[in-house]
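What follows is the content of run30.pdb (PDB, C-alpha atoms and all ligand atoms).
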```
ATOM      1  CA  MET S   1      -7.094  16.010  -3.358  1.00  0.00           C
ATOM      2  CA  ASN S   2     -10.666  17.329  -3.389  1.00  0.00           C
ATOM      3  CA  LEU S   3     -13.306  14.607  -3.541  1.00  0.00           C
ATOM      4  CA  VAL S   4     -17.066  14.317  -3.338  1.00  0.00           C
ATOM      5  CA  PHE S   5     -18.855  11.034  -2.633  1.00  0.00           C
ATOM      6  CA  LEU S   6     -22.229  10.441  -4.255  1.00  0.00           C
ATOM      7  CA  GLY S   7     -24.618   7.561  -3.805  1.00  0.00           C
ATOM      8  CA  PRO S   8     -28.045   6.713  -2.420  1.00  0.00           C
ATOM      9  CA  PRO S   9     -28.636   6.354   1.323  1.00  0.00           C
ATOM     10  CA  GLY S  10     -27.394   2.915   2.345  1.00  0.00           C
ATOM     11  CA  ALA S  11     -24.784   2.599  -0.417  1.00  0.00           C
ATOM     12  CA  GLY S  12     -21.958   2.529   2.122  1.00  0.00           C
ATOM     13  CA  LYS S  13     -20.766   6.057   1.321  1.00  0.00           C
ATOM     14  CA  GLY S  14     -19.962   6.956   4.910  1.00  0.00           C
ATOM     15  CA  THR S  15     -18.056   3.730   5.549  1.00  0.00           C
ATOM     16  CA  GLN S  16     -15.957   4.191   2.423  1.00  0.00           C
ATOM     17  CA  ALA S  17     -15.531   7.912   3.051  1.00  0.00           C
ATOM     18  CA  SER S  18     -13.921   7.239   6.459  1.00  0.00           C
ATOM     19  CA  LYS S  19     -11.481   4.728   5.003  1.00  0.00           C
ATOM     20  CA  VAL S  20     -10.576   6.726   1.890  1.00  0.00           C
ATOM     21  CA  SER S  21     -10.045  10.002   3.788  1.00  0.00           C
ATOM     22  CA  ALA S  22      -7.777   8.183   6.268  1.00  0.00           C
ATOM     23  CA  ALA S  23      -5.835   6.550   3.412  1.00  0.00           C
ATOM     24  CA  PHE S  24      -5.120   9.901   1.759  1.00  0.00           C
ATOM     25  CA  GLY S  25      -4.818  12.009   4.920  1.00  0.00           C
ATOM     26  CA  ILE S  26      -7.576  14.401   3.874  1.00  0.00           C
ATOM     27  CA  ALA S  27     -10.441  15.841   5.931  1.00  0.00           C
ATOM     28  CA  HIS S  28     -13.638  13.772   6.006  1.00  0.00           C
ATOM     29  CA  ILE S  29     -16.610  16.110   6.044  1.00  0.00           C
ATOM     30  CA  SER S  30     -20.086  14.625   6.485  1.00  0.00           C
ATOM     31  CA  THR S  31     -22.848  17.228   6.398  1.00  0.00           C
ATOM     32  CA  GLY S  32     -25.237  14.668   7.935  1.00  0.00           C
ATOM     33  CA  ALA S  33     -22.844  14.187  10.871  1.00  0.00           C
ATOM     34  CA  ILE S  34     -22.443  17.971  11.323  1.00  0.00           C
ATOM     35  CA  LEU S  35     -26.237  18.355  11.398  1.00  0.00           C
ATOM     36  CA  ARG S  36     -26.653  15.461  13.858  1.00  0.00           C
ATOM     37  CA  GLU S  37     -24.026  17.066  16.121  1.00  0.00           C
ATOM     38  CA  ALA S  38     -25.980  20.338  15.995  1.00  0.00           C
ATOM     39  CA  ILE S  39     -29.147  18.463  16.985  1.00  0.00           C
ATOM     40  CA  ALA S  40     -27.367  16.738  19.880  1.00  0.00           C
ATOM     41  CA  ALA S  41     -25.950  20.087  21.047  1.00  0.00           C
ATOM     42  CA  GLY S  42     -29.400  21.717  20.864  1.00  0.00           C
ATOM     43  CA  THR S  43     -28.200  24.662  18.761  1.00  0.00           C
ATOM     44  CA  GLU S  44     -30.538  26.801  16.659  1.00  0.00           C
ATOM     45  CA  LEU S  45     -29.317  25.005  13.532  1.00  0.00           C
ATOM     46  CA  GLY S  46     -30.069  21.684  15.221  1.00  0.00           C
ATOM     47  CA  ARG S  47     -33.591  22.756  16.133  1.00  0.00           C
ATOM     48  CA  LYS S  48     -34.253  23.832  12.526  1.00  0.00           C
ATOM     49  CA  ALA S  49     -32.752  20.675  11.034  1.00  0.00           C
ATOM     50  CA  LYS S  50     -34.317  18.036  13.300  1.00  0.00           C
ATOM     51  CA  ALA S  51     -37.875  17.960  11.916  1.00  0.00           C
ATOM     52  CA  ILE S  52     -36.638  18.172   8.333  1.00  0.00           C
ATOM     53  CA  MET S  53     -34.200  15.301   8.791  1.00  0.00           C
ATOM     54  CA  ASP S  54     -36.741  13.137  10.603  1.00  0.00           C
ATOM     55  CA  SER S  55     -39.081  13.481   7.622  1.00  0.00           C
ATOM     56  CA  GLY S  56     -36.349  12.388   5.197  1.00  0.00           C
ATOM     57  CA  ALA S  57     -36.350  15.739   3.358  1.00  0.00           C
ATOM     58  CA  LEU S  58     -33.292  17.887   2.656  1.00  0.00           C
ATOM     59  CA  VAL S  59     -32.161  20.793   4.794  1.00  0.00           C
ATOM     60  CA  PRO S  60     -32.321  24.039   2.707  1.00  0.00           C
ATOM     61  CA  ASP S  61     -29.431  24.581   0.286  1.00  0.00           C
ATOM     62  CA  ASP S  62     -28.319  27.926   1.762  1.00  0.00           C
ATOM     63  CA  ILE S  63     -27.860  26.377   5.213  1.00  0.00           C
ATOM     64  CA  VAL S  64     -25.712  23.431   4.085  1.00  0.00           C
ATOM     65  CA  ILE S  65     -23.762  25.529   1.583  1.00  0.00           C
ATOM     66  CA  GLY S  66     -22.867  27.922   4.423  1.00  0.00           C
ATOM     67  CA  ILE S  67     -21.764  25.017   6.633  1.00  0.00           C
ATOM     68  CA  VAL S  68     -19.526  23.547   3.923  1.00  0.00           C
ATOM     69  CA  ARG S  69     -18.043  26.856   2.887  1.00  0.00           C
ATOM     70  CA  GLU S  70     -16.944  27.559   6.468  1.00  0.00           C
ATOM     71  CA  ARG S  71     -15.713  24.025   7.013  1.00  0.00           C
ATOM     72  CA  LEU S  72     -13.540  23.991   3.854  1.00  0.00           C
ATOM     73  CA  ALA S  73     -11.790  27.153   5.068  1.00  0.00           C
ATOM     74  CA  GLN S  74     -10.413  25.301   8.119  1.00  0.00           C
ATOM     75  CA  SER S  75      -6.760  24.321   8.210  1.00  0.00           C
ATOM     76  CA  ASP S  76      -7.280  20.543   8.115  1.00  0.00           C
ATOM     77  CA  CYS S  77      -8.583  20.915   4.540  1.00  0.00           C
ATOM     78  CA  ARG S  78      -5.206  22.204   3.316  1.00  0.00           C
ATOM     79  CA  ASN S  79      -4.278  18.825   1.774  1.00  0.00           C
ATOM     80  CA  GLY S  80      -7.757  18.336   0.451  1.00  0.00           C
ATOM     81  CA  TYR S  81     -11.130  17.070   1.581  1.00  0.00           C
ATOM     82  CA  LEU S  82     -13.666  14.351   1.065  1.00  0.00           C
ATOM     83  CA  LEU S  83     -17.259  15.572   1.126  1.00  0.00           C
ATOM     84  CA  ASP S  84     -19.665  12.821   2.232  1.00  0.00           C
ATOM     85  CA  GLY S  85     -23.332  13.696   1.663  1.00  0.00           C
ATOM     86  CA  PHE S  86     -22.668  17.056  -0.018  1.00  0.00           C
ATOM     87  CA  PRO S  87     -23.599  18.187  -2.610  1.00  0.00           C
ATOM     88  CA  ARG S  88     -27.061  16.646  -2.625  1.00  0.00           C
ATOM     89  CA  THR S  89     -28.681  18.988  -5.156  1.00  0.00           C
ATOM     90  CA  VAL S  90     -27.501  20.633  -8.382  1.00  0.00           C
ATOM     91  CA  PRO S  91     -27.614  24.148  -6.800  1.00  0.00           C
ATOM     92  CA  GLN S  92     -25.325  22.860  -4.008  1.00  0.00           C
ATOM     93  CA  ALA S  93     -22.872  21.517  -6.619  1.00  0.00           C
ATOM     94  CA  GLN S  94     -22.961  24.818  -8.506  1.00  0.00           C
ATOM     95  CA  ALA S  95     -22.275  26.726  -5.289  1.00  0.00           C
ATOM     96  CA  LEU S  96     -19.367  24.417  -4.429  1.00  0.00           C
ATOM     97  CA  ASP S  97     -17.875  25.114  -7.866  1.00  0.00           C
ATOM     98  CA  THR S  98     -17.732  28.811  -6.999  1.00  0.00           C
ATOM     99  CA  PHE S  99     -15.468  28.311  -3.955  1.00  0.00           C
ATOM    100  CA  SER S 100     -13.568  25.085  -4.619  1.00  0.00           C
ATOM    101  CA  ARG S 101     -12.507  22.724  -7.397  1.00  0.00           C
ATOM    102  CA  VAL S 102     -13.743  19.123  -7.257  1.00  0.00           C
ATOM    103  CA  GLU S 103     -11.169  16.744  -8.738  1.00  0.00           C
ATOM    104  CA  ALA S 104     -13.227  13.553  -8.565  1.00  0.00           C
ATOM    105  CA  ALA S 105     -16.813  12.585  -7.803  1.00  0.00           C
ATOM    106  CA  VAL S 106     -17.012   8.986  -6.622  1.00  0.00           C
ATOM    107  CA  ASN S 107     -20.433   7.480  -7.269  1.00  0.00           C
ATOM    108  CA  VAL S 108     -21.011   4.393  -5.096  1.00  0.00           C
ATOM    109  CA  ASP S 109     -23.807   2.537  -6.832  1.00  0.00           C
ATOM    110  CA  VAL S 110     -26.018  -0.130  -5.229  1.00  0.00           C
ATOM    111  CA  PRO S 111     -29.269  -1.572  -6.679  1.00  0.00           C
ATOM    112  CA  ALA S 112     -32.390   0.057  -5.196  1.00  0.00           C
ATOM    113  CA  GLU S 113     -33.783  -3.236  -3.835  1.00  0.00           C
ATOM    114  CA  GLU S 114     -30.671  -3.696  -1.625  1.00  0.00           C
ATOM    115  CA  LEU S 115     -30.903  -0.277  -0.028  1.00  0.00           C
ATOM    116  CA  VAL S 116     -33.973  -0.617   2.192  1.00  0.00           C
ATOM    117  CA  GLU S 117     -32.590  -3.754   3.850  1.00  0.00           C
ATOM    118  CA  ARG S 118     -29.197  -2.146   4.328  1.00  0.00           C
ATOM    119  CA  ILE S 119     -30.586   1.007   5.933  1.00  0.00           C
ATOM    120  CA  ALA S 120     -33.159  -0.790   8.102  1.00  0.00           C
ATOM    121  CA  GLY S 121     -30.309  -2.977   9.405  1.00  0.00           C
ATOM    122  CA  ARG S 122     -27.901  -0.113  10.058  1.00  0.00           C
ATOM    123  CA  ARG S 123     -26.833   0.524  13.654  1.00  0.00           C
ATOM    124  CA  VAL S 124     -24.536   3.299  14.869  1.00  0.00           C
ATOM    125  CA  CYS S 125     -22.283   3.101  17.926  1.00  0.00           C
ATOM    126  CA  LYS S 126     -23.124   5.714  20.557  1.00  0.00           C
ATOM    127  CA  VAL S 127     -19.497   5.689  21.727  1.00  0.00           C
ATOM    128  CA  CYS S 128     -17.239   5.624  18.641  1.00  0.00           C
ATOM    129  CA  GLY S 129     -19.748   6.547  15.930  1.00  0.00           C
ATOM    130  CA  GLU S 130     -18.986   3.512  13.750  1.00  0.00           C
ATOM    131  CA  ALA S 131     -21.892   2.405  11.543  1.00  0.00           C
ATOM    132  CA  MET S 132     -22.410  -1.307  10.911  1.00  0.00           C
ATOM    133  CA  HIS S 133     -25.064  -3.759   9.824  1.00  0.00           C
ATOM    134  CA  VAL S 134     -26.992  -5.394  12.669  1.00  0.00           C
ATOM    135  CA  SER S 135     -25.676  -8.814  11.571  1.00  0.00           C
ATOM    136  CA  LEU S 136     -22.111  -7.671  12.352  1.00  0.00           C
ATOM    137  CA  LEU S 137     -22.709  -6.648  15.992  1.00  0.00           C
ATOM    138  CA  ARG S 138     -20.727  -8.528  18.648  1.00  0.00           C
ATOM    139  CA  ASP S 139     -23.053  -9.688  21.463  1.00  0.00           C
ATOM    140  CA  GLY S 140     -25.462  -6.922  20.480  1.00  0.00           C
ATOM    141  CA  SER S 141     -22.765  -4.245  20.862  1.00  0.00           C
ATOM    142  CA  CYS S 142     -20.380  -2.328  18.607  1.00  0.00           C
ATOM    143  CA  ALA S 143     -17.948  -4.737  16.935  1.00  0.00           C
ATOM    144  CA  LYS S 144     -15.207  -2.076  17.033  1.00  0.00           C
ATOM    145  CA  CYS S 145     -15.296  -0.759  20.614  1.00  0.00           C
ATOM    146  CA  GLY S 146     -17.993  -2.747  22.427  1.00  0.00           C
ATOM    147  CA  GLY S 147     -20.137   0.378  22.931  1.00  0.00           C
ATOM    148  CA  GLU S 148     -23.918   0.510  22.933  1.00  0.00           C
ATOM    149  CA  VAL S 149     -25.468   0.886  19.471  1.00  0.00           C
ATOM    150  CA  MET S 150     -28.594   2.725  18.323  1.00  0.00           C
ATOM    151  CA  GLN S 151     -30.692   3.185  15.199  1.00  0.00           C
ATOM    152  CA  ARG S 152     -30.647   6.660  13.622  1.00  0.00           C
ATOM    153  CA  ASP S 153     -34.072   8.340  13.825  1.00  0.00           C
ATOM    154  CA  ASP S 154     -34.097   8.780  10.060  1.00  0.00           C
ATOM    155  CA  ASP S 155     -33.264   5.107   9.422  1.00  0.00           C
ATOM    156  CA  LYS S 156     -36.788   4.048  10.433  1.00  0.00           C
ATOM    157  CA  ALA S 157     -38.862   2.498   7.598  1.00  0.00           C
ATOM    158  CA  GLU S 158     -41.218   5.440   6.810  1.00  0.00           C
ATOM    159  CA  THR S 159     -38.382   7.937   6.596  1.00  0.00           C
ATOM    160  CA  VAL S 160     -36.205   5.643   4.514  1.00  0.00           C
ATOM    161  CA  ARG S 161     -38.755   5.492   1.692  1.00  0.00           C
ATOM    162  CA  ASN S 162     -38.892   9.271   1.580  1.00  0.00           C
ATOM    163  CA  ARG S 163     -35.089   9.579   1.626  1.00  0.00           C
ATOM    164  CA  LEU S 164     -34.870   7.241  -1.357  1.00  0.00           C
ATOM    165  CA  ARG S 165     -37.463   9.313  -3.240  1.00  0.00           C
ATOM    166  CA  VAL S 166     -35.570  12.493  -2.422  1.00  0.00           C
ATOM    167  CA  TYR S 167     -32.351  10.856  -3.641  1.00  0.00           C
ATOM    168  CA  GLU S 168     -33.938   9.891  -6.985  1.00  0.00           C
ATOM    169  CA  SER S 169     -35.407  13.317  -7.680  1.00  0.00           C
ATOM    170  CA  GLN S 170     -32.826  15.714  -6.219  1.00  0.00           C
ATOM    171  CA  THR S 171     -29.470  13.980  -5.836  1.00  0.00           C
ATOM    172  CA  LYS S 172     -29.250  11.521  -8.737  1.00  0.00           C
ATOM    173  CA  PRO S 173     -28.996  14.348 -11.315  1.00  0.00           C
ATOM    174  CA  LEU S 174     -25.541  15.053  -9.839  1.00  0.00           C
ATOM    175  CA  ILE S 175     -24.237  11.933 -11.571  1.00  0.00           C
ATOM    176  CA  GLU S 176     -24.763  13.611 -14.949  1.00  0.00           C
ATOM    177  CA  TYR S 177     -23.554  16.949 -13.572  1.00  0.00           C
ATOM    178  CA  TYR S 178     -20.154  15.487 -12.662  1.00  0.00           C
ATOM    179  CA  ARG S 179     -20.021  13.203 -15.701  1.00  0.00           C
ATOM    180  CA  GLY S 180     -20.382  16.381 -17.757  1.00  0.00           C
ATOM    181  CA  GLN S 181     -17.371  17.840 -15.946  1.00  0.00           C
ATOM    182  CA  GLY S 182     -15.369  14.706 -16.764  1.00  0.00           C
ATOM    183  CA  VAL S 183     -14.669  13.899 -13.088  1.00  0.00           C
ATOM    184  CA  LEU S 184     -17.160  11.097 -12.398  1.00  0.00           C
ATOM    185  CA  ILE S 185     -15.867   7.736 -11.127  1.00  0.00           C
ATOM    186  CA  ASP S 186     -18.461   4.938 -11.061  1.00  0.00           C
ATOM    187  CA  ILE S 187     -17.941   2.294  -8.389  1.00  0.00           C
ATOM    188  CA  ASN S 188     -19.894  -0.930  -7.875  1.00  0.00           C
ATOM    189  CA  GLY S 189     -20.974  -0.678  -4.225  1.00  0.00           C
ATOM    190  CA  ASN S 190     -22.656  -4.073  -4.268  1.00  0.00           C
ATOM    191  CA  GLN S 191     -19.563  -5.966  -3.115  1.00  0.00           C
ATOM    192  CA  PRO S 192     -17.848  -6.629   0.235  1.00  0.00           C
ATOM    193  CA  ILE S 193     -16.568  -3.460   1.953  1.00  0.00           C
ATOM    194  CA  ASP S 194     -12.884  -4.211   1.241  1.00  0.00           C
ATOM    195  CA  ALA S 195     -13.543  -4.863  -2.453  1.00  0.00           C
ATOM    196  CA  VAL S 196     -15.383  -1.540  -2.800  1.00  0.00           C
ATOM    197  CA  LEU S 197     -12.504   0.214  -1.035  1.00  0.00           C
ATOM    198  CA  ALA S 198      -9.910  -1.410  -3.307  1.00  0.00           C
ATOM    199  CA  ASP S 199     -11.841  -0.293  -6.406  1.00  0.00           C
ATOM    200  CA  ILE S 200     -12.067   3.288  -5.128  1.00  0.00           C
ATOM    201  CA  LEU S 201      -8.388   3.488  -4.174  1.00  0.00           C
ATOM    202  CA  SER S 202      -7.244   2.138  -7.519  1.00  0.00           C
ATOM    203  CA  ALA S 203      -9.535   4.530  -9.409  1.00  0.00           C
ATOM    204  CA  LEU S 204      -8.134   7.460  -7.419  1.00  0.00           C
ATOM    205  CA  GLU S 205      -4.481   6.433  -7.705  1.00  0.00           C
ATOM    206  CA  GLY S 206      -3.848   8.500 -10.814  1.00  0.00           C
ATOM    207  CA  LEU S 207      -5.066  11.676  -9.098  1.00  0.00           C
ATOM    208  CA  GLN S 208      -2.427  11.849  -6.360  1.00  0.00           C
TER     209      GLN S 208
HETATM  210  P1  LIG S 301     -26.699  11.592   5.779  1.00  0.00           P
HETATM  211  O1  LIG S 301     -26.055  11.361   7.096  1.00  0.00           O
HETATM  212  O2  LIG S 301     -25.737  12.044   4.722  1.00  0.00           O
HETATM  213  O3  LIG S 301     -27.522  10.411   5.325  1.00  0.00           O
HETATM  214  O4  LIG S 301     -27.732  12.817   5.975  1.00  0.00           O
HETATM  215  C1  LIG S 301     -28.823  12.708   6.865  1.00  0.00           C
HETATM  216  C2  LIG S 301     -29.829  13.833   6.598  1.00  0.00           C
HETATM  217  O5  LIG S 301     -29.196  15.094   6.814  1.00  0.00           O
HETATM  218  C3  LIG S 301     -30.373  13.901   5.181  1.00  0.00           C
HETATM  219  O6  LIG S 301     -31.469  13.026   4.968  1.00  0.00           O
HETATM  220  C4  LIG S 301     -30.786  15.376   5.102  1.00  0.00           C
HETATM  221  O7  LIG S 301     -31.999  15.619   5.799  1.00  0.00           O
HETATM  222  C5  LIG S 301     -29.676  16.070   5.880  1.00  0.00           C
HETATM  223  N1  LIG S 301     -28.549  16.437   4.980  1.00  0.00           N
HETATM  224  C6  LIG S 301     -27.273  15.943   5.010  1.00  0.00           C
HETATM  225  N2  LIG S 301     -26.524  16.484   4.038  1.00  0.00           N
HETATM  226  C7  LIG S 301     -27.339  17.344   3.365  1.00  0.00           C
HETATM  227  C8  LIG S 301     -27.168  18.190   2.232  1.00  0.00           C
HETATM  228  N3  LIG S 301     -26.000  18.264   1.569  1.00  0.00           N
HETATM  229  N4  LIG S 301     -28.251  18.929   1.826  1.00  0.00           N
HETATM  230  C9  LIG S 301     -29.417  18.868   2.470  1.00  0.00           C
HETATM  231  N5  LIG S 301     -29.664  18.080   3.521  1.00  0.00           N
HETATM  232  C10 LIG S 301     -28.632  17.311   3.976  1.00  0.00           C
END
```
Encoded form (structure tokens):
Amino acid sequence: MNLVFLGPPGAGKGTQASKVSAAFGIAHISTGAILREAIAAGTELGRKAKAIMDSGALVPDDIVIGIVRERLAQSDCRNGYLLDGFPRTVPQAQALDTFSRVEAAVNVDVPAEELVERIAGRRVCKVCGEAMHVSLLRDGSCAKCGGEVMQRDDDKAETVRNRLRVYESQTKPLIEYYRGQGVLIDINGNQPIDAVLADILSALEGLQ
């Protein structure tokens, strides 16, 4: 099963992507996470990506296309994959079509006015990587493992506005791109996490 997850920053894409990939036993590939790992490791890719990501802009297409192409060739993608945060531009989607076949594009939709509050309140666990809203922390720590949490550099208010603008102009056109291919699945992301998950799983049932 080859899936892509679309949706604005803060829609809960990453949260749903983790759960859906685990449910189907397919590889969860987040280009944002791969880039953040490169930054943490201090690689050349990380050095190039850091300033771009901190501004809320997109890393150049050729770089992320190369990352995804290599990643999809790895053995854990044999049963399929779930791409979280890729493609983010029409040229990325066109490139993906040349080396793989997307069976469904899940579009997690949340009203724009909800997004800023969701992103500003997002915290990520330094230990297990889980993302959660600040209101769900347990004694100020990760509700899953008790680890220390942090705010992503690009979740700060100035960057968030730019990321939302970038989403509108560069990523939103992918909704029509995949609708045109007949593979788009629209999901209401403005519900509790479990309800969103149930909607996605039932929409994908027929694909298995
Ligand atoms: P994410 O974790 O998906 O929110 O991505 C965080 C940041 O990483 C984005 O704001 C971009 O700067 C960069 N990024 C992640 N995926 C892509 C992509 N497919 N194309 C370009 N930039 C990306």
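For the atom pair formed by CA of Val110 (chain S) and CA of Lys13 (chain S), the distance is 10.4 Å, given to one decimal.
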Dump the neighbourhood of ligand LIG 301 (chain S) as a compact mmCIF listing (two decimals) with C-alpha atoms, in the frame of the given file: all residues within 10 Å, distances computed on only C-alpha atoms and all ligand atoms.
```txt
# COMPACT_ATOMS: atom_id res chain seq x y z
CA LEU S 6 -22.23 10.44 -4.26
CA GLY S 7 -24.62 7.56 -3.80
CA PRO S 8 -28.04 6.71 -2.42
CA PRO S 9 -28.64 6.35 1.32
CA GLY S 10 -27.39 2.92 2.35
CA LYS S 13 -20.77 6.06 1.32
CA GLY S 14 -19.96 6.96 4.91
CA SER S 30 -20.09 14.62 6.48
CA THR S 31 -22.85 17.23 6.40
CA GLY S 32 -25.24 14.67 7.94
CA ALA S 33 -22.84 14.19 10.87
CA ILE S 34 -22.44 17.97 11.32
CA LEU S 35 -26.24 18.36 11.40
CA ARG S 36 -26.65 15.46 13.86
CA ALA S 49 -32.75 20.68 11.03
CA LYS S 50 -34.32 18.04 13.30
CA ALA S 51 -37.88 17.96 11.92
CA ILE S 52 -36.64 18.17 8.33
CA MET S 53 -34.20 15.30 8.79
CA ASP S 54 -36.74 13.14 10.60
CA SER S 55 -39.08 13.48 7.62
CA GLY S 56 -36.35 12.39 5.20
CA ALA S 57 -36.35 15.74 3.36
CA LEU S 58 -33.29 17.89 2.66
CA VAL S 59 -32.16 20.79 4.79
CA PRO S 60 -32.32 24.04 2.71
CA ASP S 61 -29.43 24.58 0.29
CA ASP S 62 -28.32 27.93 1.76
CA ILE S 63 -27.86 26.38 5.21
CA VAL S 64 -25.71 23.43 4.08
CA ILE S 65 -23.76 25.53 1.58
CA ILE S 67 -21.76 25.02 6.63
CA VAL S 68 -19.53 23.55 3.92
CA LEU S 83 -17.26 15.57 1.13
CA ASP S 84 -19.66 12.82 2.23
CA GLY S 85 -23.33 13.70 1.66
CA PHE S 86 -22.67 17.06 -0.02
CA PRO S 87 -23.60 18.19 -2.61
CA ARG S 88 -27.06 16.65 -2.62
CA THR S 89 -28.68 18.99 -5.16
CA GLN S 92 -25.32 22.86 -4.01
CA ALA S 93 -22.87 21.52 -6.62
CA ILE S 119 -30.59 1.01 5.93
CA ARG S 152 -30.65 6.66 13.62
CA ASP S 153 -34.07 8.34 13.82
CA ASP S 154 -34.10 8.78 10.06
CA ASP S 155 -33.26 5.11 9.42
CA THR S 159 -38.38 7.94 6.60
CA VAL S 160 -36.20 5.64 4.51
CA ASN S 162 -38.89 9.27 1.58
CA ARG S 163 -35.09 9.58 1.63
CA LEU S 164 -34.87 7.24 -1.36
CA VAL S 166 -35.57 12.49 -2.42
CA TYR S 167 -32.35 10.86 -3.64
CA GLN S 170 -32.83 15.71 -6.22
CA THR S 171 -29.47 13.98 -5.84
```
Inset, instruction - Apply the PyMOL selection byres (((chain S and resi 199-202) around 12) and not hetatm) to the structure shown and report the selected residues as an MDAnalysis selection string. - result: chainID S and resid 3 5 13 16:17 19:24 104:109 184:198 203:208
Inset, instruction - For Glu117 (chain S), please output as a list of chain:residue names all residues within 12 Å (counting all atoms listed in the file; exclusion window: fewer than 2 positions along the same chain). - result: S:Pro9, S:Gly10, S:Ala11, S:Val110, S:Pro111, S:Ala112, S:Glu113, S:Glu114, S:Leu115, S:Ile119, S:Ala120, S:Gly121, S:Arg122, S:His133, S:Val134, S:Ser135, S:Asp155, S:Lys156, S:Ala157, S:Val160, S:Arg161
Legend entry - Distance in Å - CA of Ala38 (chain S) versus CA of Gly66 (chain S): 14.2 Å
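Atom pair CA of Val4 (chain S) / CA of Thr43 (chain S) has a distance of 26.8 Å (rounded to one decimal).
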